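Colleague: Please find one structure pasted underneath; my questions will follow.
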Amino acid sequence: MAREVTHEENGPTILDESDTGDDGKIYVCRCGLSDSKPLCDGSHNATADEEDGVVYKYDGDDPDGERRAIDEIVYERE
Ligand code: FES
């Protein structure tokens with residue numbers, strides 16, 4: 001399983017105590033689907049049934065969006 005995600009940010013962000021959860025830990029998103037990047041917001045639950053060896057794209061990088069298996073993404077330039 002893997003997924004293609006479009007990132008628009010081009011620099012780092014600083015995390016601090018306000019980013020900690022109730023347990024005092026900071027959960028960093030690694031699935032790429034969080035709306036609260038770099039923090040995990042639970043969106044990774046949508047990936048639970050992804051199959052090994054398949055690359056997915058979620059419409060709008062939205063975990064509730066349509067999920068398609070892709071071989072490759074072809075970008076059209078204007
Ligand atoms: S790991 Fe991405 S939302 Fe949790």
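Identifiers in this document derive from the order of the structure tokens: chains are assigned A, B, ..., residues are numbered from 1 separately in each chain, and ligands are numbered from 1 in order of occurrence.
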Could you please extract the residues within 9 Å of ligand 1, counting only C-alpha atoms and all ligand atoms, and hand them back as a count of residues only?
Modeller: 21
Colleague: Can you tell me, as a list in words, what residues are no more than 12 Å from Gly65 (chain A) when counting only C-alpha atoms, ignoring any on the same chain fewer than 3 positions away?
Modeller: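 In the requested format, the answer is Leu33, Ser43, Ala46, Thr47, Tyr56, Lys57, Tyr58, Asp59, Gly60, Asp61, Asp62 and Arg68 of chain A.
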Colleague: Could the residues in this selection be written to a file with N, CA and C atoms, as a PDB file, in the first residue's frame?
Modeller:
```pdb
ATOM      1  N   LEU A  33      -2.678  12.254   4.596  1.00  0.00           N
ATOM      2  CA  LEU A  33      -4.066  12.639   4.369  1.00  0.00           C
ATOM      3  C   LEU A  33      -4.625  13.601   5.415  1.00  0.00           C
ATOM      4  N   SER A  43      -7.168  10.731   9.965  1.00  0.00           N
ATOM      5  CA  SER A  43      -7.517  10.431   8.570  1.00  0.00           C
ATOM      6  C   SER A  43      -6.907   9.124   8.086  1.00  0.00           C
ATOM      7  N   ALA A  46      -8.743   5.793   6.942  1.00  0.00           N
ATOM      8  CA  ALA A  46      -9.236   5.493   5.590  1.00  0.00           C
ATOM      9  C   ALA A  46      -8.299   4.550   4.836  1.00  0.00           C
ATOM     10  N   THR A  47      -7.074   4.416   5.301  1.00  0.00           N
ATOM     11  CA  THR A  47      -6.083   3.606   4.581  1.00  0.00           C
ATOM     12  C   THR A  47      -6.026   2.165   5.092  1.00  0.00           C
ATOM     13  N   TYR A  56      -2.478   4.268  -4.356  1.00  0.00           N
ATOM     14  CA  TYR A  56      -3.799   4.891  -4.379  1.00  0.00           C
ATOM     15  C   TYR A  56      -3.697   6.408  -4.486  1.00  0.00           C
ATOM     16  N   LYS A  57      -4.764   6.999  -4.973  1.00  0.00           N
ATOM     17  CA  LYS A  57      -4.941   8.444  -4.944  1.00  0.00           C
ATOM     18  C   LYS A  57      -6.339   8.704  -4.425  1.00  0.00           C
ATOM     19  N   TYR A  58      -6.440   9.545  -3.392  1.00  0.00           N
ATOM     20  CA  TYR A  58      -7.724   9.948  -2.852  1.00  0.00           C
ATOM     21  C   TYR A  58      -8.082  11.284  -3.482  1.00  0.00           C
ATOM     22  N   ASP A  59      -9.293  11.373  -4.023  1.00  0.00           N
ATOM     23  CA  ASP A  59      -9.732  12.596  -4.691  1.00  0.00           C
ATOM     24  C   ASP A  59      -9.587  13.782  -3.738  1.00  0.00           C
ATOM     25  N   GLY A  60      -8.848  14.777  -4.156  1.00  0.00           N
ATOM     26  CA  GLY A  60      -8.635  15.963  -3.336  1.00  0.00           C
ATOM     27  C   GLY A  60      -7.769  15.697  -2.115  1.00  0.00           C
ATOM     28  N   ASP A  61      -7.077  14.576  -2.092  1.00  0.00           N
ATOM     29  CA  ASP A  61      -6.302  14.147  -0.915  1.00  0.00           C
ATOM     30  C   ASP A  61      -7.187  14.118   0.325  1.00  0.00           C
ATOM     31  N   ASP A  62      -8.462  13.884   0.088  1.00  0.00           N
ATOM     32  CA  ASP A  62      -9.464  13.835   1.149  1.00  0.00           C
ATOM     33  C   ASP A  62      -9.734  12.368   1.484  1.00  0.00           C
ATOM     34  N   ARG A  68      -8.923   5.782  -5.733  1.00  0.00           N
ATOM     35  CA  ARG A  68      -8.659   5.034  -6.958  1.00  0.00           C
ATOM     36  C   ARG A  68      -7.285   4.399  -6.866  1.00  0.00           C
TER      37      ARG A  68
END
```
Colleague: What separation in Å, quoted to one decimal, exists between CA of Glu50 (chain A) and CA of Glu76 (chain A)?
Modeller: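 Interatomic distance here is 26.9 Å.
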Colleague: Taking the backbone alone, and naming residues the way the document does, which bits of chain A are helix (DSSP H, G or I) by DSSP, as a list in words?
Modeller: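 The residues of chain A classed as helix (DSSP H, G or I) are Glu17, Ser18, Asp19, Ser43, His44, Asn45, Ala46, Thr47, Asp59, Gly60 and Asp61 of chain A.
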Colleague: Output N, CA and C atoms for every residue in the selection just made, as an mmCIF file, in the first residue's frame.
Modeller:
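Dumped everything to selection-v8.cif:
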```cif
data_model
loop_
_atom_site.group_PDB
_atom_site.id
_atom_site.type_symbol
_atom_site.label_atom_id
_atom_site.label_comp_id
_atom_site.auth_asym_id
_atom_site.auth_seq_id
_atom_site.Cartn_x
_atom_site.Cartn_y
_atom_site.Cartn_z
ATOM 1 N N GLU A 17 4.526 22.712 22.612
ATOM 2 C CA GLU A 17 3.666 22.039 23.589
ATOM 3 C C GLU A 17 2.187 22.079 23.200
ATOM 4 N N SER A 18 1.788 23.100 22.461
ATOM 5 C CA SER A 18 0.374 23.198 22.090
ATOM 6 C C SER A 18 -0.035 22.105 21.104
ATOM 7 N N ASP A 19 0.934 21.424 20.529
ATOM 8 C CA ASP A 19 0.650 20.366 19.560
ATOM 9 C C ASP A 19 0.528 18.991 20.209
ATOM 10 N N SER A 43 -7.168 10.731 9.965
ATOM 11 C CA SER A 43 -7.517 10.431 8.570
ATOM 12 C C SER A 43 -6.907 9.124 8.086
ATOM 13 N N HIS A 44 -5.861 8.666 8.731
ATOM 14 C CA HIS A 44 -5.199 7.425 8.322
ATOM 15 C C HIS A 44 -6.143 6.219 8.414
ATOM 16 N N ASN A 45 -7.224 6.349 9.144
ATOM 17 C CA ASN A 45 -8.171 5.231 9.236
ATOM 18 C C ASN A 45 -8.701 4.827 7.869
ATOM 19 N N ALA A 46 -8.743 5.793 6.942
ATOM 20 C CA ALA A 46 -9.236 5.493 5.590
ATOM 21 C C ALA A 46 -8.299 4.550 4.836
ATOM 22 N N THR A 47 -7.074 4.416 5.301
ATOM 23 C CA THR A 47 -6.083 3.606 4.581
ATOM 24 C C THR A 47 -6.026 2.165 5.092
ATOM 25 N N ASP A 59 -9.293 11.373 -4.023
ATOM 26 C CA ASP A 59 -9.732 12.596 -4.691
ATOM 27 C C ASP A 59 -9.587 13.782 -3.738
ATOM 28 N N GLY A 60 -8.848 14.777 -4.156
ATOM 29 C CA GLY A 60 -8.635 15.963 -3.336
ATOM 30 C C GLY A 60 -7.769 15.697 -2.115
ATOM 31 N N ASP A 61 -7.077 14.576 -2.092
ATOM 32 C CA ASP A 61 -6.302 14.147 -0.915
ATOM 33 C C ASP A 61 -7.187 14.118 0.325
#
```
